[in-house]
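What follows is run.pdb (PDB, C-alpha atoms).
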ATOM      1  CA  MET A 949     155.558  37.044 137.307
ATOM      2  CA  ASP A 950     153.891  35.858 134.117
ATOM      3  CA  ALA A 951     150.627  35.439 135.999
ATOM      4  CA  SER A 952     150.678  39.024 137.253
ATOM      5  CA  ILE A 953     151.437  40.336 133.760
ATOM      6  CA  THR A 954     148.557  38.296 132.381
ATOM      7  CA  SER A 955     146.257  39.663 135.085
ATOM      8  CA  LEU A 956     147.285  43.220 134.328
ATOM      9  CA  THR A 957     146.745  42.625 130.638
ATOM     10  CA  LEU A 958     143.226  41.317 131.276
ATOM     11  CA  GLU A 959     142.419  44.268 133.537
ATOM     12  CA  THR A 960     143.709  46.684 130.902
ATOM     13  CA  LYS A 961     141.538  45.081 128.233
ATOM     14  CA  SER A 962     138.533  45.241 130.564
ATOM     15  CA  MET A 963     139.169  48.932 131.308
ATOM     16  CA  ARG A 964     139.527  49.658 127.614
ATOM     17  CA  SER A 965     136.230  47.956 126.868
ATOM     18  CA  ASP A 966     134.542  49.901 129.692
ATOM     19  CA  ILE A 967     135.994  53.170 128.418
ATOM     20  CA  SER A 968     134.856  52.356 124.903
ATOM     21  CA  ARG A 969     131.377  51.554 126.177
ATOM     22  CA  PHE A 970     131.272  54.798 128.208
ATOM     23  CA  GLN A 971     132.439  56.773 125.205
ATOM     24  CA  SER A 972     129.667  55.340 123.064
ATOM     25  CA  ARG A 973     127.109  56.167 125.751
ATOM     26  CA  VAL A 974     128.436  59.724 126.090
ATOM     27  CA  THR A 975     128.279  60.129 122.323
ATOM     28  CA  GLY A 976     124.659  58.942 122.322
ATOM     29  CA  LEU A 977     123.786  61.328 125.157
ATOM     30  CA  GLU A 978     125.430  64.229 123.336
ATOM     31  CA  GLN A 979     123.441  63.447 120.225
ATOM     32  CA  ARG A 980     120.214  63.284 122.232
ATOM     33  CA  MET A 981     121.080  66.548 124.000
ATOM     34  CA  GLY A 982     121.761  68.172 120.651
ATOM     35  CA  SER A 983     118.403  67.073 119.298
ATOM     36  CA  LEU A 984     116.664  68.271 122.481
ATOM     37  CA  GLU A 985     118.343  71.654 122.192
ATOM     38  CA  VAL A 986     117.172  71.941 118.609
ATOM     39  CA  GLN A 987     113.634  71.034 119.657
ATOM     40  CA  ALA A 988     113.767  73.542 122.541
ATOM     41  CA  THR A 989     114.938  76.292 120.171
ATOM     42  CA  MET A 990     112.154  75.444 117.735
ATOM     43  CA  SER A 991     109.636  75.440 120.590
ATOM     44  CA  ARG A 992     110.820  78.865 121.779
ATOM     45  CA  ASP A 993     110.576  80.199 118.252
ATOM     46  CA  ARG A 994     107.037  78.823 117.940
ATOM     47  CA  ASP A 995     106.073  80.397 121.271
ATOM     48  CA  GLN A 996     107.441  83.742 120.149
ATOM     49  CA  ASP A 997     105.569  83.450 116.869
ATOM     50  CA  LEU A 998     102.354  82.613 118.734
ATOM     51  CA  LEU A 999     102.794  85.590 121.054
ATOM     52  CA  TYR A1000     103.442  87.851 118.084
ATOM     53  CA  LEU A1001     100.382  86.556 116.238
ATOM     54  CA  ARG A1002      98.260  86.929 119.367
ATOM     55  CA  SER A1003      99.402  90.519 119.812
ATOM     56  CA  LYS A1004      98.649  91.226 116.160
ATOM     57  CA  LEU A1005      95.164  89.735 116.507
ATOM     58  CA  THR A1006      94.533  91.816 119.625
ATOM     59  CA  ASP A1007      95.701  94.941 117.826
ATOM     60  CA  MET A1008      93.475  94.181 114.842
ATOM     61  CA  GLU A1009      90.480  93.567 117.121
ATOM     62  CA  ASP A1010      91.088  96.836 118.988
ATOM     63  CA  ARG A1011      91.358  98.698 115.691
ATOM     64  CA  SER A1012      88.099  97.181 114.496
ATOM     65  CA  ARG A1013      86.430  98.447 117.705
ATOM     66  CA  ARG A1014      87.684 102.044 117.430
ATOM     67  CA  ASP A1015      84.292 103.318 116.199
ATOM     68  CA  ASN A1016      82.394 101.574 119.019
ATOM     69  CA  ILE A1017      81.133 103.074 122.262
ATOM     70  CA  ARG A1018      79.566 101.373 125.254
ATOM     71  CA  LEU A1019      76.736 102.939 127.237
ATOM     72  CA  HIS A1020      76.100 101.660 130.753
ATOM     73  CA  GLY A1021      72.999 102.294 132.867
ATOM     74  CA  ILE A1022      70.314 102.921 130.233
ATOM     75  CA  PRO A1023      67.077 101.158 131.263
ATOM     76  CA  GLU A1024      65.904  98.443 128.936
ATOM     77  CA  ASN A1025      62.137  98.865 128.904
ATOM     78  CA  GLU A1026      61.598 102.631 129.054
ATOM     79  CA  LYS A1027      63.347 103.677 125.842
ATOM     80  CA  GLY A1028      61.653 101.430 123.328
ATOM     81  CA  SER A1029      63.130  98.820 121.047
ATOM     82  CA  ASP A1030      64.688 101.131 118.426
ATOM     83  CA  ILE A1031      68.041 101.721 120.107
ATOM     84  CA  GLN A1032      69.575 103.572 117.152
ATOM     85  CA  ALA A1033      66.757 106.128 117.036
ATOM     86  CA  PHE A1034      66.980 106.617 120.784
ATOM     87  CA  LEU A1035      70.749 107.163 120.678
ATOM     88  CA  SER A1036      70.505 109.509 117.676
ATOM     89  CA  SER A1037      68.122 111.782 119.573
ATOM     90  CA  THR A1038      69.662 111.404 123.047
ATOM     91  CA  LEU A1039      73.446 111.567 122.556
ATOM     92  CA  PRO A1040      73.544 115.163 121.218
ATOM     93  CA  LYS A1041      71.490 116.347 124.214
ATOM     94  CA  LEU A1042      73.442 114.186 126.623
ATOM     95  CA  THR A1043      76.898 115.326 125.550
ATOM     96  CA  SER A1044      75.917 118.897 124.551
ATOM     97  CA  LEU A1045      77.775 118.379 121.273
ATOM     98  CA  ASP A1046      76.667 119.891 117.982
ATOM     99  CA  PHE A1047      77.223 117.118 115.446
ATOM    100  CA  ASP A1048      77.588 118.244 111.867
ATOM    101  CA  PRO A1049      76.657 116.141 109.968
ATOM    102  CA  LEU A1050      74.101 114.468 112.185
ATOM    103  CA  ILE A1051      75.234 111.472 114.181
ATOM    104  CA  GLU A1052      74.619 108.136 112.477
ATOM    105  CA  PHE A1053      75.097 104.541 113.600
ATOM    106  CA  GLN A1054      76.009 101.444 111.671
ATOM    107  CA  ARG A1055      74.474  99.222 114.335
ATOM    108  CA  ALA A1056      73.554  99.274 118.020
ATOM    109  CA  HIS A1057      72.411  96.517 120.348
ATOM    110  CA  ARG A1058      72.623  95.318 123.924
ATOM    111  CA  ILE A1059      75.279  92.858 125.117
ATOM    112  CA  GLY A1060      74.612  89.590 126.889
ATOM    113  CA  PRO A1061      71.451  87.730 127.848
ATOM    114  CA  LYS A1062      68.614  89.623 129.483
ATOM    115  CA  CYS A1063      68.528  89.195 133.258
ATOM    116  CA  SER A1064      65.032  89.561 134.727
ATOM    117  CA  ASP A1065      66.214  88.855 138.282
ATOM    118  CA  ASN A1066      68.040  92.203 138.605
ATOM    119  CA  PRO A1067      66.284  94.938 136.594
ATOM    120  CA  SER A1068      68.320  97.646 138.349
ATOM    121  CA  ARG A1069      71.376  96.582 136.325
ATOM    122  CA  PRO A1070      70.401  96.810 132.644
ATOM    123  CA  ARG A1071      72.585  95.331 129.965
ATOM    124  CA  PRO A1072      75.097  97.718 128.393
ATOM    125  CA  ILE A1073      74.567  99.012 124.877
ATOM    126  CA  ILE A1074      77.307  98.769 122.267
ATOM    127  CA  ALA A1075      76.978 101.119 119.323
ATOM    128  CA  CYS A1076      79.120 101.466 116.211
ATOM    129  CA  LEU A1077      79.183 105.003 114.846
ATOM    130  CA  LEU A1078      79.518 105.777 111.172
ATOM    131  CA  ARG A1079      82.157 108.532 111.613
ATOM    132  CA  HIS A1080      85.269 108.072 113.710
ATOM    133  CA  ASN A1081      85.664 111.765 114.593
ATOM    134  CA  GLN A1082      82.248 111.729 116.262
ATOM    135  CA  THR A1083      83.306 108.707 118.306
ATOM    136  CA  ARG A1084      86.377 110.593 119.514
ATOM    137  CA  GLN A1085      84.292 113.651 120.428
ATOM    138  CA  ILE A1086      81.861 111.571 122.487
ATOM    139  CA  LEU A1087      84.605 109.678 124.332
ATOM    140  CA  GLN A1088      86.534 112.890 125.047
ATOM    141  CA  MET A1089      83.404 114.509 126.474
ATOM    142  CA  ALA A1090      82.704 111.384 128.548
ATOM    143  CA  ARG A1091      86.233 111.459 130.018
ATOM    144  CA  ASN A1092      86.016 115.136 130.879
ATOM    145  CA  HIS A1093      82.435 115.199 132.093
ATOM    146  CA  GLY A1094      82.078 111.873 133.886
ATOM    147  CA  PRO A1095      78.682 110.152 134.311
ATOM    148  CA  PHE A1096      75.760 111.770 132.503
ATOM    149  CA  ARG A1097      72.235 112.035 133.872
ATOM    150  CA  ILE A1098      69.037 110.834 132.199
ATOM    151  CA  ASP A1099      65.970 111.185 134.418
ATOM    152  CA  GLN A1100      67.103 109.489 137.620
ATOM    153  CA  TYR A1101      69.725 107.284 135.989
ATOM    154  CA  ASP A1102      73.511 107.777 135.764
ATOM    155  CA  ILE A1103      74.800 106.953 132.286
ATOM    156  CA  ARG A1104      78.454 106.114 131.638
ATOM    157  CA  ILE A1105      80.031 106.094 128.174
ATOM    158  CA  THR A1106      83.236 104.132 127.672
ATOM    159  CA  ALA A1107      85.372 102.911 124.807
ATOM    160  CA  ASP A1108      85.121  99.375 123.508
ATOM    161  CA  TYR A1109      88.238  97.181 123.770
ATOM    162  CA  SER A1110      89.108  93.547 123.231
ATOM    163  CA  LYS A1111      89.132  91.115 126.141
ATOM    164  CA  GLU A1112      92.938  91.062 126.382
ATOM    165  CA  THR A1113      93.166  94.869 126.375
ATOM    166  CA  ASN A1114      90.478  95.144 129.069
ATOM    167  CA  GLU A1115      92.340  92.689 131.266
ATOM    168  CA  ARG A1116      95.596  94.633 130.895
ATOM    169  CA  ARG A1117      93.839  97.906 131.678
ATOM    170  CA  LYS A1118      92.331  96.426 134.838
ATOM    171  CA  ALA A1119      95.749  95.135 135.909
ATOM    172  CA  PHE A1120      97.261  98.580 135.300
ATOM    173  CA  LEU A1121      94.484 100.331 137.228
ATOM    174  CA  ALA A1122      95.006  97.971 140.172
ATOM    175  CA  LEU A1123      98.510  99.456 140.566
ATOM    176  CA  ARG A1124      97.281 103.036 141.007
ATOM    177  CA  PRO A1125      97.464 102.977 144.843
ATOM    178  CA  ARG A1126     101.147 102.021 144.700
ATOM    179  CA  LEU A1127     101.861 104.728 142.150
ATOM    180  CA  ARG A1128     100.234 107.324 144.404
ATOM    181  CA  GLN A1129     102.128 105.981 147.406
ATOM    182  CA  LEU A1130     105.439 106.399 145.589
ATOM    183  CA  GLU A1131     104.405 109.850 144.335
ATOM    184  CA  ILE A1132     104.758 108.845 140.702
ATOM    185  CA  LYS A1133     102.840 110.606 137.970
ATOM    186  CA  TYR A1134     100.998 108.228 135.679
ATOM    187  CA  GLY A1135      98.591 108.081 132.788
ATOM    188  CA  LEU A1136      96.765 105.191 131.127
ATOM    189  CA  PHE A1137      96.401 105.490 127.383
ATOM    190  CA  ASN A1138      93.697 103.855 125.288
ATOM    191  CA  THR A1139      96.070 101.173 124.026
ATOM    192  CA  ALA A1140      96.593  99.735 127.549
ATOM    193  CA  ARG A1141      99.899 101.566 127.832
ATOM    194  CA  MET A1142     100.853 103.031 131.201
ATOM    195  CA  TRP A1143     103.023 106.127 131.199
ATOM    196  CA  VAL A1144     104.870 106.914 134.442
ATOM    197  CA  THR A1145     107.347 109.627 135.345
ATOM    198  CA  LYS A1146     109.504 110.144 138.413
ATOM    199  CA  ASN A1147     112.435 112.479 138.961
ATOM    200  CA  ARG A1148     112.075 113.872 135.439
ATOM    201  CA  VAL A1149     112.431 110.350 133.945
ATOM    202  CA  SER A1150     109.488 108.900 131.971
ATOM    203  CA  LYS A1151     108.883 105.297 130.968
ATOM    204  CA  ASP A1152     106.183 103.428 129.063
ATOM    205  CA  PHE A1153     104.891 100.008 130.109
ATOM    206  CA  TYR A1154     102.789  97.687 127.965
ATOM    207  CA  ASN A1155     102.869  94.803 130.463
ATOM    208  CA  PRO A1156     101.435  95.220 133.992
ATOM    209  CA  GLU A1157     103.910  92.661 135.341
ATOM    210  CA  GLU A1158     106.838  94.765 134.155
ATOM    211  CA  LEU A1159     105.365  97.803 135.903
ATOM    212  CA  ARG A1160     104.909  95.766 139.082
ATOM    213  CA  LEU A1161     108.542  94.660 139.008
ATOM    214  CA  PHE A1162     109.591  98.261 138.380
ATOM    215  CA  LEU A1163     107.651  99.420 141.441
ATOM    216  CA  ASP A1164     109.113  96.593 143.560
ATOM    217  CA  SER A1165     112.644  97.595 142.607
ATOM    218  CA  PHE A1166     111.808 101.235 143.247
ATOM    219  CA  GLN A1167     110.448 100.502 146.724
ATOM    220  CA  SER A1168     113.562  98.481 147.593
ATOM    221  CA  GLN A1169     115.819 101.480 147.040
ATOM    222  CA  PRO A1170     116.795 103.332 150.243
ATOM    223  CA  VAL A1171     115.396 106.810 150.673
ATOM    224  CA  ASP A1172     117.851 109.616 151.339
ATOM    225  CA  PRO A1173     116.397 111.717 154.177
ATOM    226  CA  THR A1174     118.568 114.677 153.215
ATOM    227  CA  SER A1175     117.308 114.810 149.627
ATOM    228  CA  THR A1176     114.721 117.413 148.717
ATOM    229  CA  ASN A1177     111.989 116.548 146.269
ATOM    230  CA  CYS A1178     111.276 118.882 143.430
ATOM    231  CA  PRO A1179     107.772 120.386 143.285
ATOM    232  CA  HIS A1180     106.801 118.340 140.250
ATOM    233  CA  ASP A1181     107.621 114.964 141.846
ATOM    234  CA  THR A1182     104.131 114.412 143.170
ATOM    235  CA  ALA A1183     101.341 112.066 142.248
ATOM    236  CA  GLY A1184      98.338 113.321 140.388
ATOM    237  CA  GLY A1185      98.161 111.909 136.873
ATOM    238  CA  LYS A1186      94.719 111.362 135.497
ATOM    239  CA  GLU A1187      93.379 107.871 135.898
ATOM    240  CA  ASP A1188      92.141 106.923 132.471
ATOM    241  CA  ASN A1189      94.024 109.099 130.003
ATOM    242  CA  GLY A1190      97.631 110.186 129.714
ATOM    243  CA  THR A1191      98.407 113.689 130.964
ATOM    244  CA  PHE A1192     101.677 115.479 130.506
ATOM    245  CA  PRO A1193     103.052 118.216 132.782
ATOM    246  CA  SER A1194     101.302 121.557 132.546
ATOM    247  CA  GLY A1195     103.042 124.879 131.989
ATOM    248  CA  LYS A1196     103.413 125.526 135.718
ATOM    249  CA  GLU A1197     104.816 122.034 136.299
ATOM    250  CA  LYS A1198     107.306 122.529 133.474
ATOM    251  CA  THR A1199     108.407 125.797 135.102
ATOM    252  CA  ASN A1200     108.966 123.967 138.397
ATOM    253  CA  MET A1201     110.918 121.277 136.573
ATOM    254  CA  ALA A1202     113.122 123.942 134.985
ATOM    255  CA  LEU A1203     113.723 125.519 138.408
ATOM    256  CA  CYS A1204     114.737 122.154 139.850
ATOM    257  CA  ASP A1205     117.067 121.595 136.925
ATOM    258  CA  THR A1206     118.651 125.003 137.562
ATOM    259  CA  GLU A1207     119.184 124.310 141.254
ATOM    260  CA  SER A1208     120.815 120.917 140.918
ATOM    261  CA  GLY A1209     121.612 120.721 137.245
ATOM    262  CA  GLN A1210     125.335 121.431 137.360
ATOM    263  CA  ARG A1211     125.988 119.000 140.177
ATOM    264  CA  GLY A1212     123.860 116.316 138.493
ATOM    265  CA  ARG A1213     125.744 116.800 135.235
ATOM    266  CA  ASP A1214     129.035 116.427 137.133
ATOM    267  CA  ILE A1215     127.851 113.065 138.487
ATOM    268  CA  GLU A1216     126.692 111.840 135.102
ATOM    269  CA  ARG A1217     129.957 112.897 133.491
ATOM    270  CA  LEU A1218     131.973 111.074 136.139
ATOM    271  CA  ALA A1219     129.785 107.957 136.096
ATOM    272  CA  ARG A1220     129.674 107.677 132.305
ATOM    273  CA  SER A1221     133.441 107.931 132.076
ATOM    274  CA  HIS A1222     133.847 104.639 133.990
ATOM    275  CA  ASP A1223     132.641 101.156 133.249
ATOM    276  CA  ASP A1224     133.023  98.929 136.277
ATOM    277  CA  ARG A1225     131.101  99.280 139.511
ATOM    278  CA  GLY A1226     134.101 100.203 141.590
ATOM    279  CA  GLN A1227     134.881 103.220 139.463
ATOM    280  CA  VAL A1228     131.235 104.267 139.431
ATOM    281  CA  LEU A1229     131.340 104.124 143.224
ATOM    282  CA  HIS A1230     134.429 106.305 143.059
ATOM    283  CA  ALA A1231     132.416 108.788 141.003
ATOM    284  CA  ALA A1232     129.672 108.812 143.657
ATOM    285  CA  VAL A1233     132.282 109.466 146.368
ATOM    286  CA  ALA A1234     133.676 112.311 144.303
ATOM    287  CA  HIS A1235     130.180 113.795 144.054
ATOM    288  CA  THR A1236     129.811 113.575 147.845
ATOM    289  CA  GLN A1237     133.069 115.462 148.238
ATOM    290  CA  LEU A1238     131.794 118.114 145.836
ATOM    291  CA  SER A1239     128.606 118.463 147.878
ATOM    292  CA  GLU A1240     130.547 118.812 151.153
ATOM    293  CA  ARG A1241     132.812 121.405 149.572
ATOM    294  CA  ASP A1242     129.792 123.405 148.380
ATOM    295  CA  LYS A1243     128.218 123.261 151.823
ATOM    296  CA  SER A1244     131.407 124.360 153.571
ATOM    297  CA  ARG A1245     131.982 127.239 151.163
ATOM    298  CA  SER A1246     130.942 130.453 152.915
ATOM    299  CA  PRO A1247     129.317 133.295 151.027
ATOM    300  CA  LEU A1248     131.484 136.202 150.058
ATOM    301  CA  LYS A1249     131.339 139.101 152.434
ATOM    302  CA  PRO A1250     131.020 142.585 150.999
ATOM    303  CA  THR A1251     134.272 144.466 151.132
ATOM    304  CA  ALA A1252     134.422 147.908 152.643
ATOM    305  CA  ALA A1253     134.470 150.761 150.195
ATOM    306  CA  SER A1254     137.892 152.238 149.637
ATOM    307  CA  PRO A1255     138.338 155.827 150.865
TER     308      PRO A1255
END
Written form, structure tokens:
Amino acid sequence: MDASITSLTLETKSMRSDISRFQSRVTGLEQRMGSLEVQATMSRDRDQDLLYLRSKLTDMEDRSRRDNIRLHGIPENEKGSDIQAFLSSTLPKLTSLDFDPLIEFQRAHRIGPKCSDNPSRPRPIIACLLRHNQTRQILQMARNHGPFRIDQYDIRITADYSKETNERRKAFLALRPRLRQLEIKYGLFNTARMWVTKNRVSKDFYNPEELRLFLDSFQSQPVDPTSTNCPHDTAGGKEDNGTFPSGKEKTNMALCDTESGQRGRDIERLARSHDDRGQVLHAAVAHTQLSERDKSRSPLKPTAASP
């Protein structure tokens, strides 16, 4: 009996020592986890600060390039070495704009090393104008007119952006086929901001990845074959600059709102009055019942005139 008690006492002491050792190890791990969490929080904060500073630098670079234009397709050897004099005499004729005062440049030069292997692709010219309003006039004319013609050469005039902004614009433009497929109006603004509208709802996207995820979620939604599209829900936004609905499109939007406005407001009122998904589903069922009741309601017949 005494031997068994002694054995139990020894086992209890051993278990207590093991528990104490485990507790000390758990305490050490908790301390290490706490320090790692602090480091992770600091790292996330630094990453956010770096992203913010990078965006600010990109914005500052784009602002410093606002007075620049790029000209593509001008031959290198035929127009002489004085690029500023050539542009001062050619741009007013090319764009058919009457500049008052006369157009002036701070500087103008070609970009990149000269390539003698392919003379059919001359280096682009970047020019910094002295007056910002003249830059806007030239770019607006270039967007509306398209490529200009000098002798047998097609000349394109584009804005000058930073590398990051150009990459975002290219990523946005690569999504144009999907936008047309989904019949979504779109417009790309100069700040690499894509404006899209569908079913009278407009959204702005500054990140091409967010727009791609938005289109993926939109394509995953089932299409109701019984729904009728409004006349304004069609693709056709301009490619390089934001365009808003014209007067005729706004009239069509107002007509669509008149046709289905009351029923849509009934749905929104029912859905907003509930919080959980089950009650929202109940609101959708109630809307379906309203639709069936409207369909089954027969028009009033004219009553015969009383004698």
Atomic separation - CA of Asp1048 (chain A) relative to CA of Arg1097 (chain A), Å
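CA of Asp1048 (chain A) lies 23.5 Å from CA of Arg1097 (chain A).
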CA of Leu977 (chain A) to CA of Leu958 (chain A): how many Å, to one decimal?
28.6 Å
Please measure the separation of CA of Arg1011 (chain A) and CA of Gln1054 (chain A), giving the value in Å to one decimal.
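About the pair CA of Arg1011 (chain A) and CA of Gln1054 (chain A): they are 16.1 Å apart.
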For Lys1062 (chain A), which residue among A:Asp950, A:Asp993, A:Asp1099, A:Glu1024 is the nearest when counting all atoms listed in the file?
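With all atoms listed in the file as the atom set, the closest residue is A:Glu1024.
Distances to Ala1090 (chain A) were evaluated for A:Thr1106, A:Leu1123, A:Leu1050, A:Ser1036 using only C-alpha atoms, and the minimum falls at A:Thr1106.
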Around the point (97.8, 92.1, 119.3) (coordinates from the file), which residues reach within 12 Å if we count only C-alpha atoms? Answer as a list in words.
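Applying the cut-off with only C-alpha atoms, one gets Asp997, Leu998, Leu999, Tyr1000, Leu1001, Arg1002, Ser1003, Lys1004, Leu1005, Thr1006, Asp1007, Met1008, Glu1009, Asp1010, Arg1011, Ser1012, Tyr1109, Ser1110, Lys1111, Glu1112, Thr1113, Thr1139, Ala1140 and Tyr1154 of chain A.
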Can you sort out the box for region 1103-1115 of chain A, edges along x, y and z, all listed atoms in, 4 Å on every side, with centre and edge lengths in Å to one decimal, as AutoDock Vina command-line options?
--center_x 84.0 --center_y 99.0 --center_z 127.8 --size_x 26.4 --size_y 23.9 --size_z 17.1
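Across A:Arg1013, A:Lys1133, A:Arg1117, A:Arg994, the tightest approach to His1080 (chain A) is made by A:Arg1013 when counting only C-alpha atoms.
Nearest-residue note for Ile1022 (chain A): choosing from A:Thr975, A:Thr1145, A:Gln1100, A:Ser991, the minimum distance belongs to A:Gln1100, counting only C-alpha atoms.
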Judged by all atoms listed in the file, the minimum distance to Arg1018 (chain A) among A:Lys1041, A:Arg980, A:His1057, A:Arg1069 is found for A:His1057
